[in-house]
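> Please read through the structure below; I'll follow up with questions.
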Amino acid sequence: MRTVHLCQFGFRTVDLRRVGHVVDGGTALSGITDTTETDGGGYLQGDFSNGTARTKQAGNAWRVLSDADAGDAFIVLLCAERRFQPVGAIATVTHSDDTSFDDDTLYESGSTSFTATAGAGLRATTLHITGTSPTPLIGGELFSVQHENWGWRSYRIRSVDGDTITFRPPLREAIAAGTALEFDTPRCQMVIQGQTSNSTDTGRFTSCTVSFVEDMRPPAT
């Protein structure tokens with residue numbers, strides 16, 4: 001399955017959210033509308049717009065993506081979430097004599113490593129975890145799990161209480177103790193929804209807009 005590195009397209013607007021189906025139960029005498037979710041916890045959708053492919057390599061990668069067949073599944077790297085993740089700052093690393101590397105390469109000051117300390121069943125929304133991160137978990141972070149049968153799936157933390165987190169959507173598949181949680185580069189199996197843009201500015205720069213939804217199928221074998 002192909003992996004899509006969305007950050008190479010420099011999207012200025014990203015709307016990554018949980019969506020689903022809600023039933024309107026009518027309006028009470030108080031004027032409040034009663035609603036109920038009927039989608040089993042929802043699924044992930046991401047709208048990425050105002051992007052630009054500024055190099056030949058990025059432009060060609062975009063053309064390959066926009067030419068995908070309907071229903072093609074991708075592993076989408078959700079790098080736009082990085083600001084809201086428990087990761088470290090980016091800093092220039094120098095040689096021992098304090099001189100910079102020739103290319104001024106930037107290195108991360110630390111990565112995040114968490115695992116489940118107990119198993120959790122299908123559709124669970126609570127997980128006990130242990131691990132370390134450059135900044136503490138506070139809720140709102142995205143993490144991914146590579147499930148045995150359902151592949152890469154992403155979940156959003158709703159609350160943190162010590163070593164216990166709650167999250168949505170519910171687990172797509174049961175996991176065992178020791179399962180790794182991916183925070184540094186969350187990712188999810190998704191499919192393109194609708195059509196992508198493919199216009200070119202001054203014959204050089206490709207304008208990029210695309211929407212992805214979680215692929216509710218296990219990976220093809």
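Chain lettering (A, B, ...) mirrors the order of the structure tokens, residue numbering begins at 1 for each chain separately, and ligand numbering begins at 1 in order of display.
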Using 6 Å as the limit and counting only C-alpha atoms, can you tabulate each residue of segment 158-206 of chain A that touches segment 111-121 of chain A, with its shortest atom-to-atom distance in Å and the two atoms involved, as CSV?

```
residue,atom,partner,partner_atom,distance
A:Ala174,CA,A:Gly121,CA,4.1
A:Ile175,CA,A:Ala120,CA,5.4
A:Ala176,CA,A:Gly119,CA,4.1
A:Ala177,CA,A:Ala118,CA,4.3
A:Gly178,CA,A:Ala116,CA,5.1
A:Thr179,CA,A:Thr115,CA,5.3
A:Ala180,CA,A:Thr115,CA,4.4
A:Leu181,CA,A:Phe114,CA,5.5
```
> Would you mind exporting the chosen residues as a PDB file, in the first residue's frame, restricted to N, CA and C atoms?

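Written out: again-v9.pdb:
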```
ATOM      1  N   ALA A 174      -9.188  -5.209  18.689  1.00  0.00           N
ATOM      2  CA  ALA A 174      -8.598  -5.406  20.004  1.00  0.00           C
ATOM      3  C   ALA A 174      -7.078  -5.343  19.911  1.00  0.00           C
ATOM      4  N   ILE A 175      -6.448  -4.828  20.976  1.00  0.00           N
ATOM      5  CA  ILE A 175      -4.991  -4.785  21.025  1.00  0.00           C
ATOM      6  C   ILE A 175      -4.508  -5.455  22.303  1.00  0.00           C
ATOM      7  N   ALA A 176      -3.264  -5.909  22.295  1.00  0.00           N
ATOM      8  CA  ALA A 176      -2.685  -6.602  23.432  1.00  0.00           C
ATOM      9  C   ALA A 176      -1.778  -5.658  24.221  1.00  0.00           C
ATOM     10  N   ALA A 177      -1.483  -6.032  25.448  1.00  0.00           N
ATOM     11  CA  ALA A 177      -0.510  -5.279  26.234  1.00  0.00           C
ATOM     12  C   ALA A 177       0.817  -5.253  25.490  1.00  0.00           C
ATOM     13  N   GLY A 178       1.486  -4.120  25.534  1.00  0.00           N
ATOM     14  CA  GLY A 178       2.748  -3.971  24.835  1.00  0.00           C
ATOM     15  C   GLY A 178       2.624  -3.380  23.443  1.00  0.00           C
ATOM     16  N   THR A 179       1.395  -3.172  22.967  1.00  0.00           N
ATOM     17  CA  THR A 179       1.191  -2.570  21.649  1.00  0.00           C
ATOM     18  C   THR A 179       1.713  -1.145  21.642  1.00  0.00           C
ATOM     19  N   ALA A 180       2.472  -0.789  20.614  1.00  0.00           N
ATOM     20  CA  ALA A 180       3.056   0.549  20.514  1.00  0.00           C
ATOM     21  C   ALA A 180       2.025   1.552  20.011  1.00  0.00           C
ATOM     22  N   LEU A 181       2.094   2.768  20.566  1.00  0.00           N
ATOM     23  CA  LEU A 181       1.260   3.883  20.115  1.00  0.00           C
ATOM     24  C   LEU A 181       2.168   4.869  19.383  1.00  0.00           C
TER      25      LEU A 181
END
```
> Could you check the closest approach to His5 of chain A for each of A:Ala53, A:Val76, A:Val19, A:Leu65 and tell me which residue wins, using only C-alpha atoms?
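That would be A:Val76, the residue with the smallest distance to His5 of chain A.
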> Compare A:Ala80, A:Ile138, A:Val145, A:Cys188 by their minimum atom-to-atom distance to Ile165 of chain A, counting only C-alpha atoms, and give me the closest one.
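That would be A:Ile138, the residue with the smallest distance to Ile165 of chain A.
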> Tell me which protein, DNA and RNA residues are within 7 Å of Asn198 of chain A, counting only C-alpha atoms, leaving out same-chain ones fewer than 6 positions away, and put them as a ChimeraX atom specification.
/A:206-208
> Given only C-alpha atoms as the basis, pick out the residue of A:Leu44, A:Met1, A:Ala58, A:Leu77 nearest to Phe205 of chain A.
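Checking each of A:Leu44, A:Met1, A:Ala58, A:Leu77 against Phe205 of chain A, counting only C-alpha atoms, the winner is A:Ala58.
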> May I have the residues within 12 Å of Gly194 of chain A as a PyMOL selection string, using only C-alpha atoms and disregarding those fewer than 2 positions away in the same chain?
chain A and resi 47+66+68-71+191-192+196-197+209-213
> Which of these residues is nearest to Pro136 of chain A, using only C-alpha atoms: A:Glu173, A:Asp67, A:Glu148, A:Asp163?
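Closest candidate: A:Asp163.
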> Write down as a PyMOL selection string the residues belonging to segment 119-154 of chain A that are assigned strand (DSSP E) by DSSP computed on the backbone.
chain A and resi 126-132+142-147+151-154
> In terms of the shortest atom-to-atom distance over only C-alpha atoms, which of A:Val87, A:Thr200, A:His128, A:Gly139 is closest to Asn60 of chain A?
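So, comparing all the options, the nearest one is A:Thr200.
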> Find the distance between atom CA of Ala124 of chain A and atom CA of Arg83 of chain A and write it in Å to one decimal.
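Distance between the two atoms: 26.8 Å.
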> Quick one: pull the distance between atom CA of Arg63 of chain A and atom CA of Gln146 of chain A, Å, one decimal.
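Taking atom CA of Arg63 of chain A and atom CA of Gln146 of chain A, their separation equals 27.9 Å.
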> So what do you get for atom CA of Asp15 of chain A versus atom CA of Phe183 of chain A, distance-wise?
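Atom-to-atom, atom CA of Asp15 of chain A and atom CA of Phe183 of chain A are spaced 18.6 Å apart.
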> Select, from A:Pro219, A:Pro169, A:Gly140, A:Pro86, the residue with the minimum atom-to-atom distance to Leu122 of chain A, counting only C-alpha atoms.
A:Pro169
> Would you list the contacts of Pro186 of chain A as a VMD selection string, taking every protein, DNA or RNA residue within 10 Å and counting only C-alpha atoms, but skipping same-chain residues closer than 4 positions in sequence?
chain A and resid 76 to 82 85 141 to 145 152 to 155 181 to 182
